[in-house]
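Student: Handing over work-v4.csv, CSV, C-alpha atoms.
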```
chain,number,residue,atom,x,y,z
A,1,MET,CA,57.2,13.2,-6.0
A,2,GLU,CA,54.0,14.3,-4.2
A,3,SER,CA,54.6,16.5,-1.1
A,4,SER,CA,53.4,15.4,2.3
A,5,PRO,CA,49.8,16.5,3.0
A,6,ILE,CA,49.0,19.2,5.5
A,7,ALA,CA,46.9,17.9,8.4
A,8,ILE,CA,44.8,20.3,10.4
A,9,ASP,CA,42.9,19.1,13.5
A,10,ASN,CA,40.5,22.1,13.8
A,11,GLY,CA,39.6,21.8,17.5
A,12,SER,CA,37.3,24.3,19.1
A,13,TYR,CA,40.0,25.2,21.7
A,14,GLU,CA,43.2,24.7,19.8
A,15,ILE,CA,44.3,24.0,16.2
A,16,LYS,CA,46.9,21.3,15.7
A,17,PHE,CA,48.5,21.5,12.3
A,18,GLY,CA,51.6,20.6,10.3
A,19,THR,CA,52.8,18.4,7.5
A,20,THR,CA,52.1,14.7,8.1
A,21,ASP,CA,55.9,13.8,8.1
A,22,LEU,CA,56.3,15.6,11.4
A,23,SER,CA,56.5,13.7,14.7
A,24,SER,CA,54.5,16.3,16.5
A,25,PRO,CA,52.2,19.2,15.2
A,26,TYR,CA,52.4,22.9,15.7
A,27,ARG,CA,49.6,24.3,17.9
A,28,ALA,CA,47.6,27.5,17.7
A,29,ILE,CA,44.9,28.7,20.1
A,30,ASN,CA,41.6,28.8,18.2
A,31,ALA,CA,40.3,32.1,19.6
A,32,PHE,CA,40.4,35.9,19.5
A,33,ALA,CA,40.8,37.9,22.7
A,34,ILE,CA,40.4,41.5,23.9
A,35,ASP,CA,41.8,42.7,27.2
A,36,LYS,CA,40.5,45.4,29.5
A,37,TYR,CA,42.6,48.0,27.6
A,38,HIS,CA,40.9,47.1,24.4
A,39,THR,CA,44.0,45.6,22.9
A,40,THR,CA,43.3,42.7,20.6
A,41,TYR,CA,45.1,39.3,20.5
A,42,LEU,CA,44.8,36.6,17.8
A,43,SER,CA,45.6,32.9,18.5
A,44,ASN,CA,49.0,32.4,20.2
A,45,GLN,CA,49.3,36.1,20.9
A,46,ILE,CA,47.0,35.4,23.8
A,47,LYS,CA,49.9,33.8,25.6
A,48,ASN,CA,51.6,37.2,25.7
A,49,ILE,CA,48.9,39.0,27.6
A,50,LYS,CA,50.5,40.5,30.8
A,51,ASP,CA,47.3,41.5,32.6
A,52,ILE,CA,45.0,38.5,32.4
A,53,THR,CA,42.1,40.1,34.3
A,54,SER,CA,38.9,40.7,32.5
A,55,VAL,CA,40.0,39.2,29.1
A,56,THR,CA,37.1,38.6,26.7
A,57,PHE,CA,37.2,35.7,24.3
A,58,ARG,CA,35.5,35.1,21.0
A,59,ARG,CA,35.8,31.7,19.3
A,60,PRO,CA,34.8,30.5,15.8
A,61,HIS,CA,32.8,27.6,17.3
A,62,GLU,CA,29.5,28.2,18.9
A,63,LEU,CA,27.4,25.4,20.4
A,64,GLY,CA,29.9,22.9,19.0
A,65,GLN,CA,29.5,24.1,15.4
A,66,LEU,CA,32.0,26.2,13.3
A,67,THR,CA,29.9,29.2,12.6
A,68,SER,CA,32.3,32.0,11.9
A,69,TRP,CA,34.7,31.5,9.0
A,70,GLU,CA,35.5,35.2,9.1
A,71,LEU,CA,37.4,34.6,12.3
A,72,GLU,CA,38.5,31.1,11.5
A,73,SER,CA,40.2,32.1,8.3
A,74,SER,CA,42.1,34.8,10.1
A,75,ILE,CA,43.4,32.2,12.6
A,76,TRP,CA,44.2,29.8,9.8
A,77,ASP,CA,46.2,32.6,8.0
A,78,TYR,CA,48.0,33.3,11.3
A,79,ALA,CA,48.9,29.5,11.6
A,80,LEU,CA,49.7,28.7,8.0
A,81,PHE,CA,51.7,31.8,6.9
A,82,ASN,CA,53.6,32.8,10.0
A,83,PRO,CA,57.2,31.3,10.0
A,84,ASP,CA,58.3,33.7,12.8
A,85,GLU,CA,55.8,32.1,15.2
A,86,PHE,CA,56.1,28.5,13.8
A,87,PRO,CA,59.8,28.0,12.8
A,88,GLY,CA,60.2,25.4,10.0
A,89,PHE,CA,56.6,25.8,8.8
A,90,ASP,CA,56.7,28.2,5.9
A,91,LEU,CA,54.0,28.1,3.2
A,92,ASN,CA,54.3,30.8,0.6
A,93,ASP,CA,51.6,29.3,-1.6
A,94,LEU,CA,49.0,26.5,-1.0
A,95,LYS,CA,48.6,25.7,-4.7
A,96,GLY,CA,49.7,22.1,-5.3
A,97,LYS,CA,49.3,21.3,-1.5
A,98,HIS,CA,47.0,18.6,-0.2
A,99,LEU,CA,44.9,19.0,3.0
A,100,ILE,CA,43.5,16.6,5.5
A,101,ALA,CA,41.1,18.3,8.0
A,102,SER,CA,38.9,17.4,10.8
A,103,GLU,CA,35.5,18.8,11.7
A,104,THR,CA,33.0,18.4,14.4
A,105,CYS,CA,31.0,15.2,14.3
A,106,MET,CA,27.4,15.7,12.9
A,107,THR,CA,28.3,19.2,11.5
A,108,LEU,CA,25.2,20.8,10.0
A,109,PRO,CA,25.4,20.4,6.2
A,110,GLU,CA,25.2,24.1,5.4
A,111,LEU,CA,28.1,24.9,7.8
A,112,SER,CA,30.1,22.0,6.4
A,113,LYS,CA,29.7,23.4,2.9
A,114,ASN,CA,31.3,26.6,4.1
A,115,MET,CA,34.5,24.7,4.9
A,116,ASP,CA,34.6,23.1,1.4
A,117,GLN,CA,34.3,26.5,-0.3
A,118,VAL,CA,37.0,28.1,1.9
A,119,VAL,CA,39.5,25.2,1.3
A,120,PHE,CA,39.1,25.2,-2.5
A,121,GLU,CA,38.2,28.7,-3.4
A,122,GLU,CA,40.2,30.8,-0.9
A,123,TYR,CA,43.1,28.6,0.0
A,124,GLU,CA,43.2,26.8,-3.4
A,125,PHE,CA,44.3,23.4,-2.0
A,126,ASP,CA,44.9,20.8,-4.7
A,127,SER,CA,43.1,18.0,-2.9
A,128,TYR,CA,41.1,17.7,0.3
A,129,TYR,CA,39.8,15.1,2.7
A,130,LYS,CA,37.8,15.8,5.9
A,131,SER,CA,36.1,13.7,8.6
A,132,SER,CA,35.4,13.8,12.3
A,133,ILE,CA,38.3,12.6,14.5
A,134,ALA,CA,36.6,9.2,14.9
A,135,GLY,CA,37.0,8.6,11.2
A,136,PHE,CA,40.8,8.9,11.7
A,137,ILE,CA,41.3,7.2,15.1
A,138,GLN,CA,41.0,3.8,13.5
A,139,PHE,CA,44.3,4.4,11.6
A,140,ALA,CA,46.2,5.5,14.7
A,141,ASP,CA,49.4,3.8,15.7
A,142,ASP,CA,49.0,1.9,19.0
A,143,LYS,CA,52.6,2.2,20.1
A,144,ASN,CA,52.1,5.3,22.3
A,145,THR,CA,48.9,4.1,24.0
A,146,LYS,CA,48.3,2.1,27.1
A,147,ILE,CA,45.5,-0.5,27.6
A,148,ILE,CA,43.3,-0.4,30.7
A,149,SER,CA,41.1,-3.4,31.5
A,150,GLY,CA,37.9,-3.3,33.4
A,151,LYS,CA,38.7,-6.6,35.0
A,152,THR,CA,41.8,-6.3,37.3
A,153,GLU,CA,42.5,-10.0,37.2
A,154,GLU,CA,42.8,-10.1,33.4
A,155,ASP,CA,46.4,-10.3,32.2
A,156,ILE,CA,46.8,-7.9,29.3
A,157,SER,CA,49.9,-8.0,27.2
A,158,LEU,CA,50.3,-5.6,24.4
A,159,ASP,CA,51.1,-8.5,22.0
A,160,SER,CA,47.6,-10.0,22.5
A,161,VAL,CA,45.7,-6.7,22.3
A,162,ASN,CA,47.7,-4.8,19.7
A,163,GLN,CA,48.0,-7.6,17.2
A,164,VAL,CA,49.4,-6.8,13.8
A,165,ARG,CA,46.3,-5.9,11.9
A,166,GLU,CA,45.8,-7.1,8.4
A,167,LYS,CA,44.0,-4.0,7.2
A,168,GLU,CA,45.0,-0.3,7.3
A,169,TYR,CA,42.5,0.3,10.1
A,170,ASN,CA,40.7,-1.3,13.0
A,171,ASP,CA,37.3,-2.8,12.3
A,172,TYR,CA,35.5,-2.1,15.5
A,173,GLN,CA,36.1,0.8,17.9
A,174,LEU,CA,34.0,2.9,20.3
A,175,VAL,CA,35.6,6.3,20.2
A,176,ILE,CA,35.1,8.7,23.2
A,177,ASP,CA,36.2,12.1,22.1
A,178,SER,CA,36.1,14.5,25.0
A,179,GLY,CA,37.1,18.0,23.9
A,180,PHE,CA,36.6,21.7,24.8
A,181,ASN,CA,32.9,22.0,23.7
A,182,CYS,CA,31.5,18.6,24.5
A,183,THR,CA,32.1,14.8,24.6
A,184,TRP,CA,31.2,12.6,21.7
A,185,ILE,CA,30.5,8.8,21.8
A,186,ILE,CA,31.0,7.4,18.3
A,187,PRO,CA,30.9,3.7,17.4
A,188,VAL,CA,33.0,2.9,14.4
A,189,ILE,CA,32.1,-0.3,12.5
A,190,LYS,CA,34.1,-1.5,9.5
A,191,GLY,CA,35.9,1.8,9.4
A,192,VAL,CA,32.8,3.9,9.2
A,193,PRO,CA,31.2,5.9,12.1
A,194,TYR,CA,27.8,4.3,12.9
A,195,TYR,CA,25.9,7.6,13.0
A,196,LYS,CA,22.6,6.1,14.2
A,197,ALA,CA,24.2,5.4,17.6
A,198,VAL,CA,26.3,8.6,17.9
A,199,LYS,CA,25.7,10.4,21.2
A,200,LYS,CA,26.7,13.8,22.6
A,201,LEU,CA,27.3,14.7,26.2
A,202,ASP,CA,27.2,18.5,26.7
A,203,ILE,CA,30.1,18.4,29.2
A,204,GLY,CA,33.6,19.4,28.1
A,205,GLY,CA,36.5,21.7,28.9
A,206,ARG,CA,34.4,24.8,28.6
A,207,PHE,CA,31.8,23.5,31.0
A,208,LEU,CA,34.5,22.5,33.6
A,209,ASP,CA,35.9,26.1,33.3
A,210,GLY,CA,32.5,27.6,34.0
A,211,LEU,CA,31.7,25.3,36.9
A,212,LEU,CA,35.2,25.9,38.4
A,213,LYS,CA,34.7,29.7,38.1
A,214,GLU,CA,31.4,29.5,40.0
A,215,THR,CA,32.8,27.2,42.7
A,216,LEU,CA,35.9,29.4,43.3
A,217,SER,CA,33.9,32.6,43.3
A,218,PHE,CA,31.5,31.2,45.9
A,219,ARG,CA,34.2,29.8,48.2
A,220,HIS,CA,37.3,32.1,47.7
A,221,TYR,CA,37.6,35.1,45.3
A,222,ASP,CA,35.5,36.4,42.5
A,223,VAL,CA,37.1,34.9,39.4
A,224,MET,CA,34.1,35.0,37.0
A,225,ASP,CA,36.1,37.3,34.6
A,226,GLU,CA,39.4,35.4,35.0
A,227,THR,CA,39.0,32.9,32.2
A,228,ILE,CA,42.8,32.3,31.6
A,229,LEU,CA,43.6,31.9,35.3
A,230,VAL,CA,40.8,29.4,35.9
A,231,ASN,CA,41.7,27.4,32.8
A,232,ASN,CA,45.3,27.2,34.1
A,233,ILE,CA,44.1,26.0,37.5
A,234,LYS,CA,42.0,23.3,35.7
A,235,GLU,CA,44.9,22.1,33.7
A,236,ASN,CA,47.4,21.9,36.6
A,237,CYS,CA,45.3,20.9,39.6
A,238,LEU,CA,42.1,19.0,38.8
A,239,PHE,CA,41.9,15.2,38.8
A,240,VAL,CA,39.1,12.6,38.5
A,241,SER,CA,38.4,10.5,41.6
A,242,PRO,CA,40.2,7.2,41.1
A,243,THR,CA,37.4,5.0,42.6
A,244,SER,CA,34.5,7.2,43.8
A,245,TYR,CA,33.7,10.7,44.9
A,246,PHE,CA,33.2,9.6,48.5
A,247,ASP,CA,36.6,8.0,48.8
A,248,SER,CA,38.3,11.2,47.5
A,249,PHE,CA,36.1,13.3,49.8
A,250,LYS,CA,37.4,11.3,52.8
A,251,ASN,CA,41.0,12.0,51.8
A,252,LYS,CA,40.5,15.6,50.6
A,253,ASN,CA,43.0,17.0,53.2
A,254,GLU,CA,45.8,14.7,51.8
A,255,THR,CA,45.1,15.7,48.2
A,256,ALA,CA,44.6,19.4,48.9
A,257,VAL,CA,46.6,21.8,46.7
A,258,GLU,CA,47.6,25.4,47.5
A,259,TYR,CA,47.6,27.6,44.4
A,260,VAL,CA,49.6,30.8,44.3
A,261,LEU,CA,47.6,33.6,42.6
A,262,PRO,CA,49.5,35.9,40.1
A,263,ASN,CA,51.0,39.1,41.4
A,264,PHE,CA,51.8,40.4,37.9
A,265,GLN,CA,55.4,41.0,38.8
A,266,THR,CA,57.0,37.6,39.2
A,267,THR,CA,54.2,35.5,37.8
A,268,PHE,CA,51.3,36.3,35.4
A,269,LEU,CA,49.4,33.0,35.6
A,270,GLY,CA,50.1,31.7,39.1
A,271,HIS,CA,51.4,28.3,40.0
A,272,VAL,CA,51.0,25.4,42.4
A,273,ARG,CA,52.9,26.1,45.6
A,274,ASP,CA,56.1,24.3,46.2
A,275,LYS,CA,55.9,23.3,49.8
A,276,THR,CA,59.6,23.2,50.2
A,277,LYS,CA,60.0,26.9,49.5
A,278,PRO,CA,58.7,29.8,51.7
A,279,LEU,CA,56.2,32.2,50.2
A,280,PRO,CA,57.1,35.8,49.7
A,281,GLU,CA,55.2,38.4,51.7
A,282,ASN,CA,51.8,39.6,50.7
A,283,THR,CA,51.3,36.5,48.5
A,284,GLN,CA,47.7,35.6,47.9
A,285,THR,CA,46.9,31.8,47.7
A,286,ILE,CA,43.8,29.7,47.6
A,287,LYS,CA,43.6,26.2,49.1
A,288,LEU,CA,41.7,23.8,47.0
A,289,TYR,CA,40.1,20.7,48.6
A,290,ASP,CA,37.1,18.9,47.1
A,291,GLU,CA,37.0,21.4,44.2
A,292,LEU,CA,39.8,19.4,42.7
A,293,PHE,CA,37.7,16.3,42.0
A,294,SER,CA,34.1,17.5,42.4
A,295,VAL,CA,34.2,19.6,39.2
A,296,PRO,CA,35.4,16.7,36.9
A,297,GLU,CA,33.0,14.3,38.7
A,298,THR,CA,30.2,16.0,36.7
A,299,PHE,CA,31.2,13.7,33.8
A,300,PHE,CA,29.8,10.8,35.8
A,301,HIS,CA,27.2,12.6,37.9
A,302,PRO,CA,25.9,15.8,36.1
A,303,GLU,CA,23.4,16.3,38.9
A,304,ILE,CA,26.2,17.8,40.9
A,305,ALA,CA,25.9,20.8,38.5
A,306,ARG,CA,22.1,20.6,38.5
A,307,ILE,CA,22.0,19.0,35.0
A,308,LEU,CA,19.2,16.5,34.8
A,309,LYS,CA,20.8,14.5,32.0
A,310,PRO,CA,22.5,11.1,31.9
A,311,GLY,CA,26.2,10.9,32.7
A,312,LEU,CA,29.0,9.6,30.5
A,313,VAL,CA,28.6,5.9,31.4
A,314,GLU,CA,24.8,6.1,30.8
A,315,THR,CA,25.4,7.9,27.5
A,316,ILE,CA,27.8,5.2,26.4
A,317,LEU,CA,25.3,2.4,27.3
A,318,GLU,CA,22.6,4.3,25.4
A,319,SER,CA,24.8,4.4,22.4
A,320,LEU,CA,25.6,0.7,22.6
A,321,SER,CA,21.9,-0.1,22.8
A,322,MET,CA,21.5,1.3,19.3
A,323,VAL,CA,24.2,-0.9,17.8
A,324,PRO,CA,23.5,-4.4,16.4
A,325,GLU,CA,23.6,-6.7,19.4
A,326,LEU,CA,26.4,-9.0,18.2
A,327,LEU,CA,28.8,-6.1,17.8
A,328,ARG,CA,28.3,-4.7,21.3
A,329,PRO,CA,31.0,-6.8,23.1
A,330,LEU,CA,33.5,-6.0,20.3
A,331,LEU,CA,33.0,-2.3,20.7
A,332,VAL,CA,33.2,-2.4,24.5
A,333,GLY,CA,36.5,-4.4,24.2
A,334,ASN,CA,37.9,-1.6,22.0
A,335,LEU,CA,37.2,1.7,23.6
A,336,VAL,CA,39.5,4.5,22.4
A,337,CYS,CA,39.8,7.7,24.4
A,338,THR,CA,41.0,11.0,22.8
A,339,GLY,CA,40.7,14.7,23.5
A,340,GLY,CA,42.2,17.1,26.0
A,341,ASN,CA,40.0,16.1,28.9
A,342,PHE,CA,41.6,12.7,29.2
A,343,ASN,CA,44.8,14.5,30.4
A,344,LEU,CA,42.9,14.7,33.7
A,345,PRO,CA,44.6,12.1,36.0
A,346,HIS,CA,42.6,8.8,36.4
A,347,PHE,CA,39.8,9.8,34.0
A,348,ALA,CA,40.3,6.8,31.6
A,349,THR,CA,40.8,4.4,34.5
A,350,ARG,CA,37.6,5.5,36.3
A,351,LEU,CA,35.6,5.4,33.1
A,352,THR,CA,36.7,1.8,32.4
A,353,SER,CA,35.9,0.6,35.9
A,354,GLU,CA,32.5,2.4,36.0
A,355,LEU,CA,31.5,1.0,32.6
A,356,GLN,CA,32.6,-2.5,33.5
A,357,ARG,CA,30.2,-2.6,36.5
A,358,GLN,CA,27.3,-1.9,34.1
A,359,LEU,CA,28.1,-4.6,31.6
A,360,PRO,CA,27.3,-8.3,31.5
A,361,THR,CA,29.8,-10.3,33.5
A,362,ASP,CA,31.2,-12.1,30.5
A,363,TRP,CA,32.1,-8.9,28.7
A,364,ILE,CA,35.4,-7.2,29.2
A,365,CYS,CA,35.9,-3.5,28.9
A,366,ARG,CA,39.3,-2.6,27.5
A,367,THR,CA,40.2,1.1,27.0
A,368,SER,CA,43.1,2.4,24.9
A,369,VAL,CA,44.3,5.9,25.9
A,370,PRO,CA,47.4,7.8,24.9
A,371,THR,CA,50.2,7.8,27.4
A,372,LYS,CA,50.6,11.6,27.2
A,373,GLU,CA,49.2,14.6,25.3
A,374,CYS,CA,45.8,13.1,24.6
A,375,GLU,CA,44.8,16.2,22.6
A,376,LEU,CA,47.4,15.3,20.0
A,377,PHE,CA,46.2,11.8,19.4
A,378,GLY,CA,43.7,12.8,16.7
A,379,TRP,CA,46.3,14.7,14.7
A,380,LYS,CA,48.8,11.8,14.9
A,381,ALA,CA,46.0,9.5,13.6
A,382,MET,CA,45.5,11.9,10.7
A,383,ALA,CA,49.2,11.8,9.9
A,384,GLN,CA,49.0,7.9,9.9
A,385,PHE,CA,46.0,8.1,7.6
A,386,ALA,CA,47.9,10.2,5.1
A,387,SER,CA,50.2,7.3,4.3
A,388,THR,CA,47.4,4.8,3.5
A,389,GLU,CA,45.9,3.8,0.2
A,390,SER,CA,42.4,4.7,1.6
A,391,TYR,CA,43.4,8.4,1.7
A,392,ARG,CA,44.6,8.4,-1.9
A,393,LYS,CA,41.4,6.8,-3.1
A,394,THR,CA,38.9,8.9,-1.2
A,395,ARG,CA,40.3,12.5,-1.3
A,396,VAL,CA,38.6,15.0,-3.5
A,397,THR,CA,40.6,17.0,-6.1
A,398,ARG,CA,40.0,20.7,-6.9
A,399,GLU,CA,38.9,19.6,-10.4
A,400,GLU,CA,36.2,17.4,-9.0
A,401,TYR,CA,35.0,20.2,-6.7
A,402,TYR,CA,34.7,22.7,-9.6
A,403,GLU,CA,33.0,20.1,-11.8
A,404,HIS,CA,30.4,18.9,-9.3
A,405,GLY,CA,30.0,21.6,-6.6
A,406,THR,CA,29.5,21.7,-2.8
A,407,ASP,CA,26.1,19.9,-2.9
A,408,TRP,CA,27.7,16.9,-4.6
A,409,LEU,CA,30.6,16.9,-2.1
A,410,THR,CA,28.2,16.9,0.9
A,411,LYS,CA,25.9,14.2,-0.6
A,412,ASN,CA,28.5,11.8,-2.0
A,413,ARG,CA,31.7,12.3,-0.1
A,414,PHE,CA,31.7,14.1,3.3
A,415,GLY,CA,28.0,14.2,4.4
A,416,TYR,CA,26.9,11.9,7.2
A,417,GLN,CA,23.3,11.8,6.0
A,418,ASN,CA,23.9,8.9,3.6
A,419,TRP,CA,25.0,6.7,6.5
A,420,ILE,CA,21.9,7.3,8.7
```
Could I get this file's structure written as structure tokens?

Tutor:
Amino acid sequence: MESSPIAIDNGSYEIKFGTTDLSSPYRAINAFAIDKYHTTYLSNQIKNIKDITSVTFRRPHELGQLTSWELESSIWDYALFNPDEFPGFDLNDLKGKHLIASETCMTLPELSKNMDQVVFEEYEFDSYYKSSIAGFIQFADDKNTKIISGKTEEDISLDSVNQVREKEYNDYQLVIDSGFNCTWIIPVIKGVPYYKAVKKLDIGGRFLDGLLKETLSFRHYDVMDETILVNNIKENCLFVSPTSYFDSFKNKNETAVEYVLPNFQTTFLGHVRDKTKPLPENTQTIKLYDELFSVPETFFHPEIARILKPGLVETILESLSMVPELLRPLLVGNLVCTGGNFNLPHFATRLTSELQRQLPTDWICRTSVPTKECELFGWKAMAQFASTESYRKTRVTREEYYEHGTDWLTKNRFGYQNWI
């Protein structure tokens, strides 16, 4: 019997990987770090850094493209052949194994070929399939998602929205993939991303980290070199304004958070202060007010950060304008949100309400978003895809690769150029 394929969601911040029969993937940080003592850390070893000040990062992805396979292959080796770090995941040899991988949407063809060569020639996988995350989301199971409607008076029941589909996939979806590097808007029609209407918003987790660094350095302490600390503050404190920036600004004192900075004795990352417990002496804290929601507000109003480009809602509308007119209401009624940025509280709800205001009155915006761990939604969709007949028909074997080569693979199987 054929073994379960290995699914690798090769995100620019974190790699999610594991055999497709697992309920949840293993996770490895997709980065290399050097601390101020010139000690090097690879992937999850970064979590063991004791002194997080002045840590320098290098990532395989630059400007949203995977450019350094020298570094990426080291991280893959760490993830795939490290049973001590990932108990239960022990691969002595990849021969005879099957791979499902994700790559950035609209990856440059020459960079995409590099991945094909590494998979077949270095790791020697038996078969291989790759796509952007939007190509897998349509196969996702809807059980662990919630539906948000743009019209509050509409009664949504999961039975009416999540009907039993006759096909293996959903026909029409508008995928919003908001990750570390950027945010992609990808219409999916009849199971295929409609590349003519794909749009990219250059705001993601990395941008939020940078803007939060500047804001905290201007108002509190200089944290321009504290990448790990600022990222932890972002993940634990920030939220998107539920209705509008001005409403949140009026209530900024009620939503204020006091963050305890690390003292490198009892805490190395810091934490949100528990108001019921007294603080030890000489503890340094920062009180966060409108920083909590003004930084994520740049998704909707990039001019806050002096970026003269359209926001997320305008980018979605621009993408919809390039789709055949009859399909637009279908796509708007099937928004799917994925990516780590949707872990920010109220993000999906705010996006739905803002988008509904811009649509014709007889259209209804419905958004599907994972109930928790939005960053894992893509990997779980890949695991669902592995059990379909579509996967078995479209994967590429090693024999086909050696017979036809990388150019054939890009042109006939994995390249997006044929769809434009």

Student: Write out as a VMD selection string each polymer residue whose atoms come within 10 Å of Lys275 (chain A), counting all atoms listed in the file; drop sequence neighbours fewer than 4 positions from it.

Tutor: chain A and resid 257 to 258 279

Student: Please identify every residue of region 20-76 of chain A that has at least one atom no farther than 8 Å from an atom of region 108-128 of chain A, counting only C-alpha atoms, and for each give the shortest atom pair and the distance in Å to one decimal, arranged by chain then increasing number, as a Markdown table.

Tutor:
```
| residue | atom | partner | partner_atom | distance |
| --- | --- | --- | --- | --- |
| A:Gln65 | CA | A:Leu108 | CA | 7.7 |
| A:Leu66 | CA | A:Leu111 | CA | 6.9 |
| A:Thr67 | CA | A:Leu111 | CA | 6.7 |
| A:Trp69 | CA | A:Asn114 | CA | 7.7 |
```

Student: Could you list as a VMD selection string every residue that has an atom within 12 Å of (44.3, 19.7, 39.2), using the file's coordinates and counting all atoms listed in the file?

Tutor: chain A and resid 208 212 230 to 241 255 to 259 271 to 272 287 to 296 341 343 to 346

Student: For the selection just defined, write its residues with C-alpha atoms to a file, as a PDB file, in the coordinates of the input.

Tutor:
```pdb
ATOM      1  CA  LEU A 208      34.500  22.500  33.600  1.00  0.00           C
ATOM      2  CA  LEU A 212      35.200  25.900  38.400  1.00  0.00           C
ATOM      3  CA  VAL A 230      40.800  29.400  35.900  1.00  0.00           C
ATOM      4  CA  ASN A 231      41.700  27.400  32.800  1.00  0.00           C
ATOM      5  CA  ASN A 232      45.300  27.200  34.100  1.00  0.00           C
ATOM      6  CA  ILE A 233      44.100  26.000  37.500  1.00  0.00           C
ATOM      7  CA  LYS A 234      42.000  23.300  35.700  1.00  0.00           C
ATOM      8  CA  GLU A 235      44.900  22.100  33.700  1.00  0.00           C
ATOM      9  CA  ASN A 236      47.400  21.900  36.600  1.00  0.00           C
ATOM     10  CA  CYS A 237      45.300  20.900  39.600  1.00  0.00           C
ATOM     11  CA  LEU A 238      42.100  19.000  38.800  1.00  0.00           C
ATOM     12  CA  PHE A 239      41.900  15.200  38.800  1.00  0.00           C
ATOM     13  CA  VAL A 240      39.100  12.600  38.500  1.00  0.00           C
ATOM     14  CA  SER A 241      38.400  10.500  41.600  1.00  0.00           C
ATOM     15  CA  THR A 255      45.100  15.700  48.200  1.00  0.00           C
ATOM     16  CA  ALA A 256      44.600  19.400  48.900  1.00  0.00           C
ATOM     17  CA  VAL A 257      46.600  21.800  46.700  1.00  0.00           C
ATOM     18  CA  GLU A 258      47.600  25.400  47.500  1.00  0.00           C
ATOM     19  CA  TYR A 259      47.600  27.600  44.400  1.00  0.00           C
ATOM     20  CA  HIS A 271      51.400  28.300  40.000  1.00  0.00           C
ATOM     21  CA  VAL A 272      51.000  25.400  42.400  1.00  0.00           C
ATOM     22  CA  LYS A 287      43.600  26.200  49.100  1.00  0.00           C
ATOM     23  CA  LEU A 288      41.700  23.800  47.000  1.00  0.00           C
ATOM     24  CA  TYR A 289      40.100  20.700  48.600  1.00  0.00           C
ATOM     25  CA  ASP A 290      37.100  18.900  47.100  1.00  0.00           C
ATOM     26  CA  GLU A 291      37.000  21.400  44.200  1.00  0.00           C
ATOM     27  CA  LEU A 292      39.800  19.400  42.700  1.00  0.00           C
ATOM     28  CA  PHE A 293      37.700  16.300  42.000  1.00  0.00           C
ATOM     29  CA  SER A 294      34.100  17.500  42.400  1.00  0.00           C
ATOM     30  CA  VAL A 295      34.200  19.600  39.200  1.00  0.00           C
ATOM     31  CA  PRO A 296      35.400  16.700  36.900  1.00  0.00           C
ATOM     32  CA  ASN A 341      40.000  16.100  28.900  1.00  0.00           C
ATOM     33  CA  ASN A 343      44.800  14.500  30.400  1.00  0.00           C
ATOM     34  CA  LEU A 344      42.900  14.700  33.700  1.00  0.00           C
ATOM     35  CA  PRO A 345      44.600  12.100  36.000  1.00  0.00           C
ATOM     36  CA  HIS A 346      42.600   8.800  36.400  1.00  0.00           C
TER      37      HIS A 346
END
```

Student: Using only C-alpha atoms, pick whichever of A:Lys252, A:Arg357, A:Lys199, A:Lys190 has the shortest atom-to-atom distance to Glu318 (chain A).

Tutor: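 Checking each of A:Lys252, A:Arg357, A:Lys199, A:Lys190 against Glu318 (chain A), counting only C-alpha atoms, the winner is A:Lys199.
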
Student: Would you work out the distance separating CA of Asp407 (chain A) from CA of Gly18 (chain A), expressed in Å to one decimal?

Tutor: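 It comes out at 28.7 Å.
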
Student: Pick out the residues sitting within 12 Å of Ile46 (chain A), and hand them over as a ChimeraX atom specification; count all atoms listed in the file, and ignore anything fewer than 6 positions along from it in its own chain.

Tutor: /A:28-35,39-40,52,55-58,227-228

Student: Quick one: write out the picked residues with C-alpha atoms as a tab-separated table (two decimals), in the coordinates of the input?

Tutor:
```tsv
chain	number	residue	atom	x	y	z
A	28	ALA	CA	47.60	27.50	17.70
A	29	ILE	CA	44.90	28.70	20.10
A	30	ASN	CA	41.60	28.80	18.20
A	31	ALA	CA	40.30	32.10	19.60
A	32	PHE	CA	40.40	35.90	19.50
A	33	ALA	CA	40.80	37.90	22.70
A	34	ILE	CA	40.40	41.50	23.90
A	35	ASP	CA	41.80	42.70	27.20
A	39	THR	CA	44.00	45.60	22.90
A	40	THR	CA	43.30	42.70	20.60
A	52	ILE	CA	45.00	38.50	32.40
A	55	VAL	CA	40.00	39.20	29.10
A	56	THR	CA	37.10	38.60	26.70
A	57	PHE	CA	37.20	35.70	24.30
A	58	ARG	CA	35.50	35.10	21.00
A	227	THR	CA	39.00	32.90	32.20
A	228	ILE	CA	42.80	32.30	31.60
```

Student: Let me make sure I understand: among A:Ser353, A:Asn253, A:Ser149, A:Ser131, which one has the smallest atom-to-atom distance to Thr394 (chain A) if we use all atoms listed in the file?

Tutor: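 Closest to Thr394 (chain A), using all atoms listed in the file: A:Ser131.
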
Student: List the neighbours of Ser4 (chain A) out to 9 Å using all atoms listed in the file; skip same-chain residues closer than 2 positions along the sequence, and give me the result as a ChimeraX atom specification.

Tutor: /A:2,6,19-21,97-98,386-387

Student: Quick one, how far is CA of Gly150 (chain A) from CA of Thr349 (chain A)?

Tutor: 8.3 Å

Student: From the set A:Leu330, A:Asn48, A:Arg413, A:His301, which residue has the shortest atom-to-atom contact distance to Glu400 (chain A), counting all atoms listed in the file?

Tutor: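 With all atoms listed in the file as the atom set, the closest residue is A:Arg413.
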
Student: How far is it from CA of Val175 (chain A) to CA of Thr361 (chain A), in Å with one decimal?

Tutor: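 Atom-to-atom, CA of Val175 (chain A) and CA of Thr361 (chain A) are spaced 22.0 Å apart.
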